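Student: As input, take work_14.tsv (TSV, C-alpha atoms and all ligand atoms):
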```tsv
chain	number	residue	atom	x	y	z
A	224	MET	CA	-26.85	-11.00	-8.70
A	225	SER	CA	-23.46	-12.21	-7.57
A	226	ILE	CA	-22.32	-11.08	-4.13
A	227	ALA	CA	-18.56	-11.54	-4.51
A	228	VAL	CA	-15.55	-12.26	-6.72
A	229	ILE	CA	-12.68	-14.23	-5.19
A	230	TYR	CA	-9.10	-13.45	-6.30
A	231	THR	CA	-6.77	-16.17	-5.13
A	232	ASP	CA	-3.09	-16.96	-5.16
A	233	LEU	CA	-2.39	-20.59	-6.11
A	234	ASP	CA	0.93	-21.98	-4.72
A	235	GLY	CA	0.70	-22.36	-0.95
A	236	THR	CA	-2.81	-20.87	-0.93
A	237	LEU	CA	-5.33	-22.83	-3.00
A	238	LEU	CA	-2.61	-25.43	-3.69
A	239	ASP	CA	-0.63	-27.28	-1.04
A	240	HIS	CA	2.93	-25.85	-0.93
A	241	HIS	CA	4.56	-29.28	-1.21
A	242	THR	CA	2.17	-31.46	-3.23
A	243	TYR	CA	0.40	-28.77	-5.36
A	244	SER	CA	-2.91	-30.53	-4.56
A	245	PHE	CA	-6.15	-28.51	-4.28
A	246	GLU	CA	-8.15	-31.56	-3.21
A	247	ALA	CA	-8.83	-30.27	0.32
A	248	ALA	CA	-10.51	-27.12	-1.08
A	249	LEU	CA	-12.35	-28.68	-4.01
A	250	GLU	CA	-15.74	-29.12	-2.35
A	251	THR	CA	-15.77	-25.46	-1.28
A	252	VAL	CA	-14.49	-24.33	-4.70
A	253	HIS	CA	-17.37	-26.10	-6.44
A	254	ALA	CA	-19.95	-24.88	-3.93
A	255	LEU	CA	-18.82	-21.27	-4.51
A	256	ARG	CA	-18.74	-21.71	-8.29
A	257	ASP	CA	-22.27	-23.17	-8.23
A	258	ARG	CA	-23.46	-20.14	-6.24
A	259	GLY	CA	-22.19	-17.88	-9.05
A	260	ILE	CA	-19.11	-16.62	-7.18
A	261	PRO	CA	-16.20	-16.52	-9.66
A	262	ILE	CA	-12.80	-17.73	-8.47
A	263	VAL	CA	-10.09	-15.82	-10.32
A	264	PRO	CA	-6.53	-17.17	-9.93
A	265	CYS	CA	-4.00	-14.42	-9.22
A	266	THR	CA	-0.65	-16.12	-9.40
A	267	SER	CA	3.01	-16.02	-10.35
A	268	LYS	CA	2.26	-19.02	-12.58
A	269	THR	CA	2.03	-18.77	-16.37
A	270	ARG	CA	-1.13	-18.83	-18.46
A	271	ALA	CA	-0.35	-22.41	-19.56
A	272	GLU	CA	0.01	-23.62	-15.97
A	273	THR	CA	-3.04	-21.74	-14.73
A	274	ALA	CA	-5.26	-22.97	-17.59
A	275	GLU	CA	-4.26	-26.55	-16.80
A	276	LEU	CA	-5.13	-26.11	-13.11
A	277	MET	CA	-8.43	-24.36	-13.83
A	278	ASN	CA	-9.35	-27.23	-16.12
A	279	ALA	CA	-8.50	-29.79	-13.47
A	280	ALA	CA	-10.55	-27.90	-10.86
A	281	GLU	CA	-13.42	-27.42	-13.35
A	282	LEU	CA	-13.16	-23.64	-13.17
A	283	SER	CA	-13.46	-21.13	-15.99
A	284	GLY	CA	-13.22	-17.35	-16.29
A	285	PRO	CA	-10.48	-14.71	-16.10
A	286	MET	CA	-6.99	-15.33	-14.74
A	287	ILE	CA	-4.28	-12.98	-13.49
A	288	VAL	CA	-0.90	-14.48	-14.32
A	289	GLU	CA	2.86	-13.95	-13.98
A	290	ASN	CA	2.51	-12.02	-10.71
A	291	GLY	CA	-0.08	-9.57	-11.95
A	292	ALA	CA	1.89	-8.54	-15.05
A	293	ALA	CA	-1.01	-9.70	-17.28
A	294	ILE	CA	-4.71	-10.62	-17.20
A	295	TRP	CA	-6.45	-13.07	-19.56
A	296	VAL	CA	-10.22	-12.73	-19.95
A	297	PRO	CA	-12.38	-15.17	-21.98
A	298	ASN	CA	-14.37	-13.38	-24.72
A	299	ASP	CA	-17.60	-14.95	-23.49
A	300	TRP	CA	-17.29	-13.12	-20.17
A	301	GLY	CA	-18.68	-10.01	-21.85
A	302	LEU	CA	-16.00	-7.55	-20.66
A	303	SER	CA	-14.91	-4.98	-23.23
A	304	ARG	CA	-11.48	-5.58	-24.75
A	305	PRO	CA	-9.12	-2.67	-23.99
A	306	THR	CA	-7.41	-1.09	-26.98
A	307	GLY	CA	-4.07	-2.70	-27.69
A	308	ALA	CA	-5.01	-5.95	-25.96
A	309	GLU	CA	-3.57	-9.10	-27.47
A	310	ASP	CA	-6.28	-11.55	-28.48
A	311	THR	CA	-7.01	-15.08	-29.59
A	312	SER	CA	-10.31	-16.54	-30.76
A	313	GLU	CA	-11.25	-17.37	-27.14
A	314	ALA	CA	-9.73	-14.71	-24.92
A	315	TRP	CA	-7.96	-11.36	-24.74
A	316	CYS	CA	-4.94	-10.32	-22.69
A	317	HIS	CA	-4.28	-7.00	-21.00
A	318	SER	CA	-0.65	-6.59	-19.93
A	319	PHE	CA	0.57	-3.80	-17.68
A	320	GLY	CA	4.23	-3.57	-18.65
A	321	PRO	CA	6.87	-4.53	-21.21
A	322	SER	CA	7.44	-8.08	-22.43
A	323	ARG	CA	9.78	-10.51	-20.68
A	324	SER	CA	12.39	-10.11	-23.40
A	325	MET	CA	12.46	-6.33	-22.77
A	326	ILE	CA	12.79	-6.95	-19.02
A	327	ARG	CA	15.68	-9.35	-19.67
A	328	ARG	CA	17.44	-6.78	-21.78
A	329	GLN	CA	17.22	-4.28	-18.92
A	330	LEU	CA	18.34	-6.82	-16.33
A	331	ALA	CA	21.43	-7.55	-18.42
A	332	ILE	CA	22.81	-4.22	-17.11
A	333	LEU	CA	23.08	-5.85	-13.67
A	334	ASN	CA	24.68	-9.08	-14.94
A	335	VAL	CA	28.30	-8.13	-14.22
A	336	GLU	CA	27.60	-7.59	-10.54
A	337	TRP	CA	24.80	-10.10	-9.92
A	338	GLY	CA	24.90	-12.61	-12.78
A	339	ASN	CA	26.47	-15.35	-10.61
A	340	ARG	CA	23.75	-15.05	-7.95
A	341	TYR	CA	20.66	-15.82	-9.93
A	342	GLN	CA	19.44	-17.94	-12.81
A	343	SER	CA	16.45	-17.30	-15.00
A	344	LEU	CA	13.85	-20.04	-14.57
A	345	CYS	CA	13.37	-20.02	-18.35
A	346	ASP	CA	17.09	-20.75	-18.95
A	347	LEU	CA	16.98	-23.93	-16.87
A	348	SER	CA	16.28	-27.33	-18.39
A	349	ASP	CA	12.92	-28.95	-17.67
A	350	LYS	CA	14.81	-31.42	-15.47
A	351	GLN	CA	16.33	-28.62	-13.36
A	352	VAL	CA	12.92	-26.97	-12.95
A	353	MET	CA	11.50	-30.34	-11.91
A	354	ALA	CA	14.24	-30.71	-9.27
A	355	ILE	CA	13.64	-27.22	-7.81
A	356	THR	CA	9.85	-27.27	-7.84
A	357	GLY	CA	8.88	-30.93	-7.60
A	358	LEU	CA	6.70	-30.48	-10.72
A	359	ASP	CA	6.36	-33.23	-13.34
A	360	ALA	CA	7.98	-32.77	-16.79
A	361	GLU	CA	4.93	-31.30	-18.55
A	362	SER	CA	4.20	-28.90	-15.71
A	363	ALA	CA	7.85	-27.80	-15.64
A	364	ALA	CA	7.67	-26.95	-19.36
A	365	ARG	CA	4.47	-24.94	-18.78
A	366	ALA	CA	6.17	-23.08	-15.89
A	367	LYS	CA	8.84	-21.85	-18.34
A	368	ASP	CA	6.28	-20.48	-20.83
A	369	ARG	CA	6.68	-16.91	-19.53
A	370	HIS	CA	5.90	-13.75	-21.47
A	371	TYR	CA	5.43	-10.80	-19.08
A	372	CYS	CA	7.63	-11.41	-16.03
A	373	GLU	CA	11.21	-12.68	-15.56
A	374	THR	CA	11.35	-15.30	-12.80
A	375	LEU	CA	14.67	-15.91	-11.07
A	376	VAL	CA	16.05	-18.69	-8.94
A	377	TRP	CA	18.01	-16.83	-6.25
A	378	LEU	CA	21.42	-18.34	-5.46
A	379	GLY	CA	22.76	-15.60	-3.17
A	380	THR	CA	21.87	-14.65	0.41
A	381	PRO	CA	18.64	-12.88	1.44
A	382	ALA	CA	20.68	-9.71	2.12
A	383	ASP	CA	22.08	-9.89	-1.42
A	384	ARG	CA	18.57	-10.24	-2.70
A	385	ALA	CA	17.45	-7.06	-0.94
A	386	ALA	CA	20.39	-5.11	-2.46
A	387	PHE	CA	19.61	-6.60	-5.88
A	388	ALA	CA	15.94	-5.58	-5.52
A	389	ASP	CA	17.02	-1.96	-4.86
A	390	GLN	CA	19.06	-1.94	-8.05
A	391	VAL	CA	16.24	-3.53	-10.04
A	392	GLU	CA	13.88	-0.85	-8.79
A	393	ALA	CA	16.36	1.85	-9.77
A	394	LEU	CA	15.89	0.55	-13.34
A	395	ASP	CA	12.16	1.30	-13.00
A	396	LEU	CA	11.27	-2.39	-12.74
A	397	ARG	CA	9.49	-4.16	-9.88
A	398	CYS	CA	11.17	-6.95	-7.88
A	399	LEU	CA	8.87	-9.27	-5.93
A	400	GLN	CA	9.62	-12.15	-3.59
A	401	GLY	CA	7.42	-15.24	-3.90
A	402	ALA	CA	7.59	-18.36	-1.76
A	403	ARG	CA	10.09	-20.03	-4.18
A	404	PHE	CA	11.31	-17.44	-6.66
A	405	VAL	CA	12.18	-13.79	-7.22
A	406	HIS	CA	10.06	-12.13	-9.90
A	407	VAL	CA	10.96	-9.06	-11.96
A	408	LEU	CA	8.19	-7.27	-13.82
A	409	GLY	CA	7.84	-3.99	-15.64
A	410	ALA	CA	4.58	-2.78	-14.13
A	411	GLY	CA	1.39	-4.08	-12.56
A	412	GLY	CA	1.53	-6.58	-9.72
A	413	LYS	CA	-1.19	-8.58	-8.04
A	414	GLY	CA	-2.75	-5.57	-6.25
A	415	ALA	CA	-2.90	-3.38	-9.37
A	416	ALA	CA	-4.23	-6.23	-11.52
A	417	VAL	CA	-6.98	-7.19	-9.04
A	418	SER	CA	-8.08	-3.54	-8.68
A	419	TRP	CA	-8.16	-3.08	-12.47
A	420	LEU	CA	-10.17	-6.25	-13.10
A	421	HIS	CA	-12.61	-5.86	-10.21
A	422	GLN	CA	-13.41	-2.30	-11.20
A	423	LYS	CA	-14.04	-3.43	-14.78
A	424	ILE	CA	-16.25	-6.35	-13.68
A	425	ARG	CA	-18.38	-4.10	-11.44
A	426	ALA	CA	-18.68	-1.39	-14.10
A	427	GLU	CA	-19.46	-3.63	-17.07
A	428	LEU	CA	-21.37	-6.64	-15.69
A	429	PRO	CA	-24.71	-5.60	-14.13
A	430	ASP	CA	-24.92	-8.82	-12.08
A	431	PHE	CA	-21.70	-7.84	-10.33
A	432	ALA	CA	-22.48	-4.15	-9.70
A	433	ASP	CA	-22.39	-4.65	-5.91
A	434	ALA	CA	-19.97	-7.60	-5.76
A	435	VAL	CA	-17.36	-7.36	-3.03
A	436	SER	CA	-13.78	-8.40	-3.73
A	437	ILE	CA	-12.12	-11.08	-1.62
A	438	SER	CA	-8.43	-12.01	-1.92
A	439	ALA	CA	-6.47	-14.97	-0.58
A	440	GLY	CA	-2.69	-15.30	-0.37
A	441	ASP	CA	0.20	-16.64	1.67
A	442	ALA	CA	3.39	-14.74	0.77
A	443	ASP	CA	5.01	-11.31	0.47
A	444	ASN	CA	4.06	-11.02	-3.20
A	445	ASP	CA	0.40	-11.23	-2.12
A	446	ILE	CA	0.53	-8.28	0.30
A	447	GLU	CA	-0.66	-5.64	-2.19
A	448	MET	CA	-3.56	-7.83	-3.29
A	449	LEU	CA	-4.49	-8.56	0.36
A	450	GLU	CA	-4.52	-4.80	0.98
A	451	VAL	CA	-6.71	-3.67	-1.94
A	452	THR	CA	-9.69	-6.05	-1.71
A	453	ASP	CA	-12.79	-5.51	0.46
A	454	LEU	CA	-12.00	-8.65	2.45
A	455	ALA	CA	-8.83	-10.72	2.67
A	456	LEU	CA	-7.81	-14.20	3.71
A	457	LEU	CA	-4.22	-14.79	4.79
A	458	ILE	CA	-3.24	-18.45	4.49
A	459	ARG	CA	-0.65	-19.81	6.89
A	460	SER	CA	2.41	-21.39	5.27
A	461	PRO	CA	4.39	-24.40	6.47
A	462	VAL	CA	7.61	-22.81	5.16
A	463	HIS	CA	7.55	-19.12	6.05
A	464	GLU	CA	6.08	-16.57	8.45
A	465	PRO	CA	2.81	-14.97	7.33
A	466	PRO	CA	3.25	-11.59	5.59
A	467	ALA	CA	1.78	-8.51	7.31
A	468	PRO	CA	-0.67	-6.64	5.08
A	469	LYS	CA	-1.75	-3.23	6.41
A	470	ARG	CA	-5.54	-3.22	6.74
A	471	ALA	CA	-8.03	-1.51	9.03
A	472	GLY	CA	-10.17	-4.69	9.21
A	473	GLY	CA	-11.73	-7.40	7.11
A	474	LEU	CA	-8.74	-9.74	7.40
A	475	VAL	CA	-9.04	-13.41	8.36
A	476	ILE	CA	-5.94	-15.52	9.08
A	477	SER	CA	-6.36	-19.25	8.48
A	478	ASP	CA	-5.68	-21.79	11.21
A	479	SER	CA	-4.65	-24.47	8.71
A	480	PHE	CA	-2.09	-24.42	5.88
A	481	GLY	CA	-2.87	-24.24	2.14
A	482	PRO	CA	-6.14	-25.54	0.69
A	483	THR	CA	-7.57	-26.69	4.05
A	484	GLY	CA	-7.10	-23.17	5.41
A	485	TRP	CA	-8.49	-21.74	2.14
A	486	ALA	CA	-11.74	-23.72	2.43
A	487	GLU	CA	-12.29	-22.85	6.12
A	488	GLY	CA	-11.44	-19.18	5.71
A	489	MET	CA	-13.41	-18.69	2.48
A	490	GLU	CA	-16.54	-20.27	3.91
A	491	ALA	CA	-16.32	-17.93	6.93
A	492	LEU	CA	-15.82	-14.85	4.70
A	493	ILE	CA	-18.63	-15.73	2.30
A	494	ALA	CA	-20.96	-16.31	5.27
A	495	ARG	CA	-20.05	-12.82	6.46
A	496	VAL	CA	-20.75	-11.30	3.02
A	497	GLU	CA	-24.11	-13.12	2.82
A	498	GLU	CA	-25.03	-11.88	6.28
A	499	GLU	CA	-24.21	-8.27	5.31
A	500	ASP	CA	-26.09	-8.69	2.03
A	501	ARG	CA	-29.19	-9.94	3.86
A	502	GLY	CA	-28.90	-7.01	6.27
A	503	ARG	CA	-28.68	-4.57	3.36
A	504	LEU	CA	-31.72	-6.08	1.63
A	505	LEU	CA	-33.73	-6.01	4.87
A	506	SER	CA	-32.89	-2.36	5.54
A	507	LYS	CA	-33.79	-1.53	1.91
A	508	ARG	CA	-37.17	-3.23	2.39
A	509	HIS	CA	-37.62	-1.42	5.70
A	510	ASP	CA	-36.90	1.96	4.04
A	511	HIS	CA	-39.33	1.07	1.27
A	512	ASN	CA	-42.10	0.14	3.74
A	513	ALA	CA	-41.49	3.26	5.81
A	514	ALA	CA	-41.71	5.53	2.76
A	601	MG	MG	1.77	-18.36	-2.77
```
As structure tokens, what does this structure read like?
Ligand SMILES: [Mg+2]
Tutor:
Amino acid sequence: MSIAVIYTDLDGTLLDHHTYSFEAALETVHALRDRGIPIVPCTSKTRAETAELMNAAELSGPMIVENGAAIWVPNDWGLSRPTGAEDTSEAWCHSFGPSRSMIRRQLAILNVEWGNRYQSLCDLSDKQVMAITGLDAESAARAKDRHYCETLVWLGTPADRAAFADQVEALDLRCLQGARFVHVLGAGGKGAAVSWLHQKIRAELPDFADAVSISAGDADNDIEMLEVTDLALLIRSPVHEPPAPKRAGGLVISDSFGPTGWAEGMEALIARVEEEDRGRLLSKRHDHNAA
């Protein structure tokens, strides 16, 4: 039986905002993995970037990529493949909206008014992406390998960005603000993707029938995810104010930034889940003895 599934943002959450290192959280990550608690990245990163990071952290399993526009699930996880899902020999992909090229075509309508205030990340050279993000050349190329979400470098003011977002939404697209970029997707989002996957895991994998969902994030594009899970961990950021998810309870705010805050907060939340699980088992036993 597994007691929980963790859905976590990467940049600024499991990874340090500046250095992209997960070193400070690695011991906790491995301890959780070894206890059978899956850690599912839920990120604006691409599949190529996320796979590389999961490899480096010695993690395997599903991943939610490009801001929740798509989910990749390894075939050996035993989840049924939805009809219409793209697949490879190792994994299948469920996407919630149209492809990036379709999104680009729709965004072109706004080019006359806004075209000088943003640049598509995928149109930049690897060198330019390296300069903006601090990534190395290979990582910059992986960051541009986008299929389900158009990621923009915003050149205008924040007020401009809000007006642009309104117009994007009038086109029936979603416009999300990450810590570095603006993301435009057709449908889905981190909250919708986490709900979809967690429901499927609980319904189809008997070991996870009672697993609680725990999310971790640091920015505005994490709010929906932080609102839909059973428990949530808000990670403080060195570069922006914490977002304000609306929850009745079950929210922990980290004292430390990035992966240090992730490890502290996640250990506290898992201890809470284990405590509740023990309580539930004890009361079950008590009911059984009384009967
Ligand atoms: Mg983040």
Student: Counting only C-alpha atoms and all ligand atoms, which residues of chain A sit at most 9 Å from some atom of ligand MG 601 (chain A), and what is each one's closest atom pair with its distance in Å to one decimal, listed by chain and rising residue number, as CSV?
Tutor:
```
residue,atom,partner,partner_atom,distance
A:Asp232,CA,A:MG601,MG,5.6
A:Leu233,CA,A:MG601,MG,5.8
A:Asp234,CA,A:MG601,MG,4.2
A:Gly235,CA,A:MG601,MG,4.5
A:Thr236,CA,A:MG601,MG,5.5
A:Leu237,CA,A:MG601,MG,8.4
A:Leu238,CA,A:MG601,MG,8.4
A:His240,CA,A:MG601,MG,7.8
A:Thr266,CA,A:MG601,MG,7.4
A:Ser267,CA,A:MG601,MG,8.0
A:Gly401,CA,A:MG601,MG,6.6
A:Ala402,CA,A:MG601,MG,5.9
A:Arg403,CA,A:MG601,MG,8.6
A:Gly440,CA,A:MG601,MG,5.9
A:Asp441,CA,A:MG601,MG,5.0
A:Ala442,CA,A:MG601,MG,5.3
A:Asp443,CA,A:MG601,MG,8.4
A:Asn444,CA,A:MG601,MG,7.7
A:Asp445,CA,A:MG601,MG,7.3
A:Ile458,CA,A:MG601,MG,8.8
A:Ser460,CA,A:MG601,MG,8.6
A:Gly481,CA,A:MG601,MG,9.0
```
Student: Next, dump the selected residues to file, keeping only C-alpha atoms, as a CSV table (one decimal), in the frame of the given file.
Tutor:
```
chain,number,residue,atom,x,y,z
A,232,ASP,CA,-3.1,-17.0,-5.2
A,233,LEU,CA,-2.4,-20.6,-6.1
A,234,ASP,CA,0.9,-22.0,-4.7
A,235,GLY,CA,0.7,-22.4,-1.0
A,236,THR,CA,-2.8,-20.9,-0.9
A,237,LEU,CA,-5.3,-22.8,-3.0
A,238,LEU,CA,-2.6,-25.4,-3.7
A,240,HIS,CA,2.9,-25.8,-0.9
A,266,THR,CA,-0.6,-16.1,-9.4
A,267,SER,CA,3.0,-16.0,-10.4
A,401,GLY,CA,7.4,-15.2,-3.9
A,402,ALA,CA,7.6,-18.4,-1.8
A,403,ARG,CA,10.1,-20.0,-4.2
A,440,GLY,CA,-2.7,-15.3,-0.4
A,441,ASP,CA,0.2,-16.6,1.7
A,442,ALA,CA,3.4,-14.7,0.8
A,443,ASP,CA,5.0,-11.3,0.5
A,444,ASN,CA,4.1,-11.0,-3.2
A,445,ASP,CA,0.4,-11.2,-2.1
A,458,ILE,CA,-3.2,-18.4,4.5
A,460,SER,CA,2.4,-21.4,5.3
A,481,GLY,CA,-2.9,-24.2,2.1
```
Student: Using all atoms listed in the file, which of A:Asp433, A:Asp359, A:Glu275, A:Asp478 sits nearest A:Arg503?
Tutor: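 Going through A:Asp433, A:Asp359, A:Glu275, A:Asp478 one by one, the smallest distance to A:Arg503 is for A:Asp433.
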Student: Given the point (-8.0, -10.6, 3.2) in the file's coordinates, find the residues that have an atom at most 6 Å from it, counting all atoms listed in the file, and give them as number ranges by chain.
Tutor: A: 438-439, 449, 454-457, 474-475
Student: Let me make sure I understand: among A:Glu498, A:Asp383, A:Glu373, A:Asp510, which one has the smallest atom-to-atom distance to A:His406 if we use all atoms listed in the file?
Tutor: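 Checking each candidate against A:His406, we get A:Glu373 as the closest.
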Student: Once you count all atoms listed in the file, what closest atom pair and distance in Å to one decimal does each residue of stretch 326-429 of chain A within 12 Å of stretch 279-285 of chain A have, with rows by chain and rising residue number, as CSV?
Tutor:
```
residue,atom,partner,partner_atom,distance
A:Ala416,CA,A:Pro285,CA,11.5
A:Val417,CA,A:Pro285,CA,10.9
A:Leu420,CA,A:Pro285,CA,9.0
A:His421,CA,A:Pro285,CA,10.8
A:Lys423,CA,A:Pro285,CA,11.9
A:Ile424,CA,A:Pro285,CA,10.4
```
Student: Please provide the set of residues having any atom within 12 Å of stretch 351-353 of chain A, restricted to all atoms listed in the file, with same-chain residues fewer than 2 positions apart removed, written as a ChimeraX atom specification.
Tutor: /A:342-349,355-367,374-376,403-404
Student: Produce a file of the selected residues containing C-alpha atoms, as a tab-separated table (two decimals), in the frame of the given file.
Tutor:
```tsv
chain	number	residue	atom	x	y	z
A	342	GLN	CA	19.44	-17.94	-12.81
A	343	SER	CA	16.45	-17.30	-15.00
A	344	LEU	CA	13.85	-20.04	-14.57
A	345	CYS	CA	13.37	-20.02	-18.35
A	346	ASP	CA	17.09	-20.75	-18.95
A	347	LEU	CA	16.98	-23.93	-16.87
A	348	SER	CA	16.28	-27.33	-18.39
A	349	ASP	CA	12.92	-28.95	-17.67
A	355	ILE	CA	13.64	-27.22	-7.81
A	356	THR	CA	9.85	-27.27	-7.84
A	357	GLY	CA	8.88	-30.93	-7.60
A	358	LEU	CA	6.70	-30.48	-10.72
A	359	ASP	CA	6.36	-33.23	-13.34
A	360	ALA	CA	7.98	-32.77	-16.79
A	361	GLU	CA	4.93	-31.30	-18.55
A	362	SER	CA	4.20	-28.90	-15.71
A	363	ALA	CA	7.85	-27.80	-15.64
A	364	ALA	CA	7.67	-26.95	-19.36
A	365	ARG	CA	4.47	-24.94	-18.78
A	366	ALA	CA	6.17	-23.08	-15.89
A	367	LYS	CA	8.84	-21.85	-18.34
A	374	THR	CA	11.35	-15.30	-12.80
A	375	LEU	CA	14.67	-15.91	-11.07
A	376	VAL	CA	16.05	-18.69	-8.94
A	403	ARG	CA	10.09	-20.03	-4.18
A	404	PHE	CA	11.31	-17.44	-6.66
```
Student: Identify, on the basis of only C-alpha atoms, every residue whose closest approach to A:Ser477 does not exceed 6 Å; exclude the query and any residue fewer than 4 positions from it along the same chain; express the result as a list of chain:residue names.
Tutor: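 Residues meeting the cut-off are A:Ile458, A:Arg459, A:Gly484, A:Gly488.
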